[in-house]
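K.L.:
Sharing target-v5.txt below, compact mmCIF, C-alpha atoms and all ligand atoms:
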```txt
# COMPACT_ATOMS: atom_id res chain seq x y z
CA MET D 1 -10.73 45.24 -87.77
CA GLU D 2 -10.89 46.43 -91.31
CA PHE D 3 -9.12 45.09 -94.35
CA VAL D 4 -8.68 46.88 -97.64
CA LEU D 5 -8.43 44.50 -100.57
CA HIS D 6 -7.37 45.57 -104.03
CA PRO D 7 -8.22 43.48 -107.09
CA ILE D 8 -5.31 41.75 -108.79
CA GLY D 9 -7.21 41.54 -112.06
CA ILE D 10 -10.55 41.17 -113.77
CA ILE D 11 -12.56 38.12 -114.78
CA HIS D 12 -14.09 38.46 -118.22
CA SER D 13 -17.06 36.24 -119.03
CA PRO D 14 -19.87 35.99 -121.58
CA PHE D 15 -22.42 36.90 -118.88
CA THR D 16 -23.83 40.37 -118.33
CA GLU D 17 -27.05 39.37 -116.52
CA LYS D 18 -27.13 37.52 -113.21
CA GLU D 19 -30.14 35.49 -114.29
CA GLN D 20 -28.25 34.16 -117.31
CA THR D 21 -25.09 33.32 -115.36
CA PRO D 22 -24.49 29.65 -114.42
CA ILE D 23 -25.04 28.98 -110.74
CA GLN D 24 -21.85 27.00 -110.23
CA ALA D 25 -18.57 26.52 -112.07
CA SER D 26 -19.10 22.74 -112.03
CA ARG D 27 -22.32 23.32 -114.02
CA SER D 28 -20.72 25.67 -116.53
CA GLN D 29 -18.80 24.99 -119.70
CA ALA D 30 -18.52 28.67 -120.55
CA ILE D 31 -15.14 30.04 -121.51
CA GLY D 32 -13.81 33.10 -119.70
CA LEU D 33 -10.62 35.08 -119.48
CA VAL D 34 -8.77 36.11 -116.36
CA GLU D 35 -6.83 39.29 -116.98
CA LEU D 36 -4.17 39.70 -114.32
CA TYR D 37 -2.87 43.22 -113.89
CA PRO D 38 0.68 43.38 -115.32
CA GLU D 39 2.33 44.11 -111.95
CA PHE D 40 1.25 40.65 -110.76
CA ALA D 41 2.14 38.70 -113.92
CA GLU D 42 5.36 37.24 -112.47
CA GLY D 43 3.19 35.50 -109.88
CA LEU D 44 1.80 33.31 -112.67
CA LYS D 45 5.11 31.43 -113.05
CA ASP D 46 4.37 27.66 -113.40
CA ILE D 47 0.61 28.13 -113.43
CA GLU D 48 0.41 26.72 -116.96
CA ASP D 49 1.30 23.30 -115.48
CA LEU D 50 -1.97 23.26 -113.54
CA SER D 51 -5.22 21.90 -114.93
CA HIS D 52 -7.53 23.56 -112.39
CA ILE D 53 -7.38 26.69 -110.27
CA HIS D 54 -9.53 28.34 -107.63
CA LEU D 55 -10.54 31.93 -108.30
CA LEU D 56 -11.53 34.16 -105.39
CA TYR D 57 -13.37 37.31 -106.23
CA ILE D 58 -15.85 39.95 -105.16
CA PHE D 59 -19.54 39.70 -106.04
CA HIS D 60 -19.35 43.32 -107.10
CA GLU D 61 -22.98 43.45 -108.27
CA SER D 62 -24.36 42.23 -104.93
CA SER D 63 -25.34 44.94 -102.52
CA GLY D 64 -26.39 44.15 -98.99
CA TYR D 65 -26.82 40.71 -97.51
CA LYS D 66 -29.36 38.41 -95.95
CA LEU D 67 -28.70 35.92 -93.15
CA HIS D 68 -31.51 33.63 -94.30
CA VAL D 69 -31.74 32.89 -98.00
CA LYS D 70 -33.37 30.51 -100.43
CA PRO D 71 -30.46 29.24 -102.49
CA PHE D 72 -30.84 28.74 -106.23
CA LEU D 73 -31.40 24.99 -105.82
CA ASP D 74 -33.91 24.95 -102.99
CA ASP D 75 -37.26 26.46 -102.03
CA ARG D 76 -36.43 26.31 -98.33
CA GLU D 77 -34.56 28.97 -96.41
CA HIS D 78 -31.09 28.29 -95.05
CA GLY D 79 -28.48 30.34 -93.24
CA ILE D 80 -26.34 32.27 -95.67
CA PHE D 81 -23.21 30.44 -94.49
CA ALA D 82 -24.78 27.09 -95.36
CA THR D 83 -25.12 28.26 -98.96
CA ARG D 84 -23.14 29.78 -101.83
CA TYR D 85 -25.68 32.59 -102.28
CA PRO D 86 -24.00 35.79 -103.54
CA TYR D 87 -25.56 38.30 -101.09
CA ARG D 88 -23.16 37.80 -98.17
CA PRO D 89 -21.79 40.03 -95.40
CA ASN D 90 -18.41 39.80 -97.14
CA PRO D 91 -19.37 39.28 -100.79
CA ILE D 92 -16.54 36.90 -101.65
CA GLY D 93 -17.02 34.15 -104.23
CA ILE D 94 -14.96 31.10 -105.11
CA SER D 95 -14.98 29.16 -108.36
CA THR D 96 -12.88 26.17 -109.30
CA VAL D 97 -12.29 26.35 -113.04
CA ARG D 98 -10.26 24.49 -115.67
CA LEU D 99 -7.20 26.33 -116.86
CA VAL D 100 -7.18 26.00 -120.64
CA SER D 101 -4.08 28.07 -121.40
CA ARG D 102 -1.99 31.03 -120.40
CA GLN D 103 -1.20 33.86 -122.74
CA GLY D 104 1.12 36.26 -120.93
CA ASN D 105 -0.86 37.81 -118.09
CA ALA D 106 -4.14 36.33 -119.37
CA LEU D 107 -5.58 32.94 -118.43
CA ILE D 108 -8.20 31.26 -120.58
CA ILE D 109 -10.54 29.32 -118.29
CA GLU D 110 -13.47 26.94 -118.70
CA GLY D 111 -16.38 26.76 -116.29
CA VAL D 112 -16.90 30.43 -115.53
CA ASP D 113 -19.93 31.28 -113.36
CA VAL D 114 -19.46 35.01 -112.76
CA LEU D 115 -20.53 38.24 -114.38
CA ASP D 116 -18.27 39.94 -116.88
CA GLY D 117 -15.98 42.40 -115.11
CA THR D 118 -15.90 40.60 -111.75
CA PRO D 119 -12.93 41.86 -109.68
CA LEU D 120 -10.41 39.11 -108.95
CA LEU D 121 -8.90 38.86 -105.44
CA ASP D 122 -6.70 35.78 -105.67
CA ILE D 123 -5.80 32.63 -107.58
CA LYS D 124 -4.85 29.35 -105.91
CA PRO D 125 -4.04 25.91 -107.33
CA TYR D 126 -6.63 23.17 -107.08
CA VAL D 127 -4.77 20.25 -105.50
CA PRO D 128 -6.86 17.13 -104.83
CA ASP D 129 -4.68 16.20 -101.83
CA PHE D 130 -5.62 19.54 -100.25
CA ASP D 131 -9.10 20.08 -101.62
CA LEU D 132 -10.82 16.77 -102.35
CA ARG D 133 -12.97 15.25 -99.62
CA THR D 134 -14.92 12.05 -100.20
CA ASP D 135 -16.60 11.39 -96.82
CA VAL D 136 -18.96 14.36 -96.94
CA ARG D 137 -22.45 15.42 -95.90
CA THR D 138 -23.98 18.23 -97.92
CA GLY D 139 -27.06 18.90 -95.82
CA TRP D 140 -29.93 20.60 -97.63
CA TYR D 141 -28.24 20.00 -100.99
CA GLU D 142 -28.91 16.27 -100.62
CA THR D 143 -32.67 16.88 -100.27
CA ARG D 144 -32.87 19.97 -102.50
CA SER D 145 -36.06 20.76 -104.35
CA LYS D 146 -34.47 21.75 -107.70
CA GLU D 147 -31.85 20.51 -110.13
C1 LIG D 201 -24.50 30.95 -106.57
S1 LIG D 201 -23.14 32.04 -106.97
C2 LIG D 201 -21.81 30.86 -106.87
C3 LIG D 201 -20.51 31.49 -107.22
C4 LIG D 201 -19.29 30.72 -106.74
N1 LIG D 201 -19.08 29.49 -107.49
C5 LIG D 201 -19.33 30.45 -105.25
O1 LIG D 201 -19.69 29.34 -104.86
O2 LIG D 201 -18.98 31.35 -104.46
C6 LIG D 201 -23.27 32.27 -108.70
C7 LIG D 201 -24.29 33.33 -109.02
O3 LIG D 201 -23.85 34.58 -108.48
C8 LIG D 201 -24.28 35.65 -109.30
N2 LIG D 201 -23.09 36.41 -109.66
C9 LIG D 201 -22.05 36.01 -110.42
N3 LIG D 201 -21.13 36.97 -110.51
C10 LIG D 201 -21.57 38.01 -109.77
C11 LIG D 201 -21.04 39.30 -109.45
N4 LIG D 201 -19.87 39.70 -109.90
N5 LIG D 201 -21.79 40.11 -108.66
C12 LIG D 201 -22.99 39.69 -108.18
N6 LIG D 201 -23.54 38.49 -108.45
C13 LIG D 201 -22.84 37.65 -109.23
C14 LIG D 201 -24.98 35.03 -110.49
O4 LIG D 201 -26.38 35.06 -110.25
C15 LIG D 201 -24.48 33.59 -110.50
O5 LIG D 201 -25.43 32.71 -111.07
```
Have the structure of the file written as structure tokens, please.
Ligand SMILES: C[S@@+](CC[C@H](N)C(=O)[O-])C[C@H]1O[C@@H](n2cnc3c(N)ncnc32)[C@H](O)[C@@H]1O
P.N.:
Amino acid sequence: MEFVLHPIGIIHSPFTEKEQTPIQASRSQAIGLVELYPEFAEGLKDIEDLSHIHLLYIFHESSGYKLHVKPFLDDREHGIFATRYPYRPNPIGISTVRLVSRQGNALIIEGVDVLDGTPLLDIKPYVPDFDLRTDVRTGWYETRSKE
């Protein structure tokens, strides 16, 4: 099977170098701007009532993938699917960010952890009843070697 995905917009951020980009949205206070292409703007109806949204996007500056990787927070190797490492067979990223405001087809967001110009695939609401789990095990992250 093959799927052709087209971006619905672009994520603008202050980051032009991977090394300078925060490693997770929860560790970032950087402000970014989601520019939704005008043909999708109607789909933003009621989004301004949300405090947090999930952004799904393509790691467009990642080429190729590895099945074993050392994630940013550990010196040990783990399977790619046990990590958030950007070099993935399908280079899809997800960031949960705070929605600061909406200005037409633009969303101001806080907590951006992607490169400027990252192609946006989708936006979904963050809903604790759907998304928040409290009884969790996080595997290698609990014994990670870095902060
Ligand atoms: C560890 S990933 C986590 C991203 C997302 N929160 C996730 O969990 O899918 C974040 C890192 O990916 C890299 N990165 C960010 N945007 C990228 C892009 N558009 N293309 C390639 N690499 C990117 C940067 O090195 C950044 O620090």
K.L.:
List as a short mmCIF file (atom, residue, chain, number, x, y, z; two decimals) with C-alpha atoms, in the coordinates of the input the protein and nucleic acid residues near segment 31-47 of chain D, meaning an atom at most 6 Å away when only C-alpha atoms are counted, but skip any in the same chain fewer than 5 places from it.
P.N.:
```
data_model
loop_
_atom_site.label_atom_id
_atom_site.label_comp_id
_atom_site.auth_asym_id
_atom_site.auth_seq_id
_atom_site.Cartn_x
_atom_site.Cartn_y
_atom_site.Cartn_z
CA ILE D 8 -5.31 41.75 -108.79
CA GLY D 9 -7.21 41.54 -112.06
CA ILE D 10 -10.55 41.17 -113.77
CA ILE D 11 -12.56 38.12 -114.78
CA HIS D 12 -14.09 38.46 -118.22
CA SER D 13 -17.06 36.24 -119.03
CA ASN D 105 -0.86 37.81 -118.09
CA ALA D 106 -4.14 36.33 -119.37
CA LEU D 107 -5.58 32.94 -118.43
CA ILE D 108 -8.20 31.26 -120.58
CA ILE D 109 -10.54 29.32 -118.29
CA GLU D 110 -13.47 26.94 -118.70
CA VAL D 112 -16.90 30.43 -115.53
#
```
K.L.:
Check the smallest atom-to-atom distance from each of D:Asn90, D:Ser101, D:Ser95, D:Thr138 to Leu5 of chain D using only C-alpha atoms, then report the winner.
P.N.:
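Smallest separation from Leu5 of chain D among the options: D:Asn90.
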K.L.:
Show me which residues line ligand LIG 201 (chain D), defined as having an atom within 9 Å of a ligand atom where all atoms listed in the file count, and present them as a PyMOL selection string.
P.N.:
chain D and resi 11+15-26+55-63+71-72+83-87+91-96+112-119
K.L.:
Expressed in Å to a single decimal, how great is the separation between atom CA of Lys146 of chain D and atom CA of Lys70 of chain D?
P.N.:
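Separating atom CA of Lys146 of chain D from atom CA of Lys70 of chain D is a distance of 11.4 Å.
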K.L.:
Have a look at D:Leu73, D:Ala82, D:Val4, D:Leu99 and name the one nearest to Asp49 of chain D; count all atoms listed in the file.
P.N.:
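Looking at the shortest contact to Asp49 of chain D, the residue is D:Leu99.
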K.L.:
To one decimal in Å, tell me the separation between atom CA of Gly79 of chain D and atom CA of Lys66 of chain D.
P.N.:
8.6 Å
K.L.:
What gap, in Å, lies between atom CA of Leu120 of chain D and atom CA of Glu147 of chain D?
P.N.:
28.4 Å
K.L.:
Which residues, written as a list of chain:residue names, have at least one atom at most 10 Å from Phe81 of chain D, with only C-alpha atoms counted and residues fewer than 3 positions away on the same chain left out?
P.N.:
D:Leu67, D:His68, D:Val69, D:His78, D:Arg84, D:Tyr85, D:Arg88, D:Pro89
K.L.:
For Pro128 of chain D, which of D:Arg76, D:His54, D:Arg27, D:His6 is the closest residue, counting only C-alpha atoms?
P.N.:
D:His54
K.L.:
Given the point (-39.2, 26.0, -102.8) in the coordinates of this file, which residues lie within 7 Å, counting all atoms listed in the file, and how would they look as an mmCIF file with C-alpha atoms, in the frame of the given file?
P.N.:
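Saved to point.cif:
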```cif
data_model
loop_
_atom_site.group_PDB
_atom_site.id
_atom_site.type_symbol
_atom_site.label_atom_id
_atom_site.label_comp_id
_atom_site.auth_asym_id
_atom_site.auth_seq_id
_atom_site.Cartn_x
_atom_site.Cartn_y
_atom_site.Cartn_z
ATOM 1 C CA ASP D 74 -33.910 24.950 -102.990
ATOM 2 C CA ASP D 75 -37.260 26.460 -102.030
ATOM 3 C CA ARG D 76 -36.430 26.310 -98.330
ATOM 4 C CA SER D 145 -36.060 20.760 -104.350
#
```
K.L.:
Just checking: using only C-alpha atoms, which residue out of D:Asp131, D:Ala30, D:Glu142, D:Val136 ends up closest to Ile53 of chain D?
P.N.:
D:Asp131
K.L.:
Could you tell me which of D:Leu121, D:Tyr126, D:Gly64, D:Tyr141 comes closest to Arg98 of chain D if we count all atoms listed in the file?
P.N.:
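Among the listed residues, D:Tyr126 lies closest to Arg98 of chain D.
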K.L.:
Considering all atoms listed in the file, state which residue in the set D:Arg137, D:Gly111, D:Ile80, D:Pro7 is at the smallest distance from His52 of chain D.
P.N.:
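Ranked by minimum distance to His52 of chain D, first place goes to D:Gly111.
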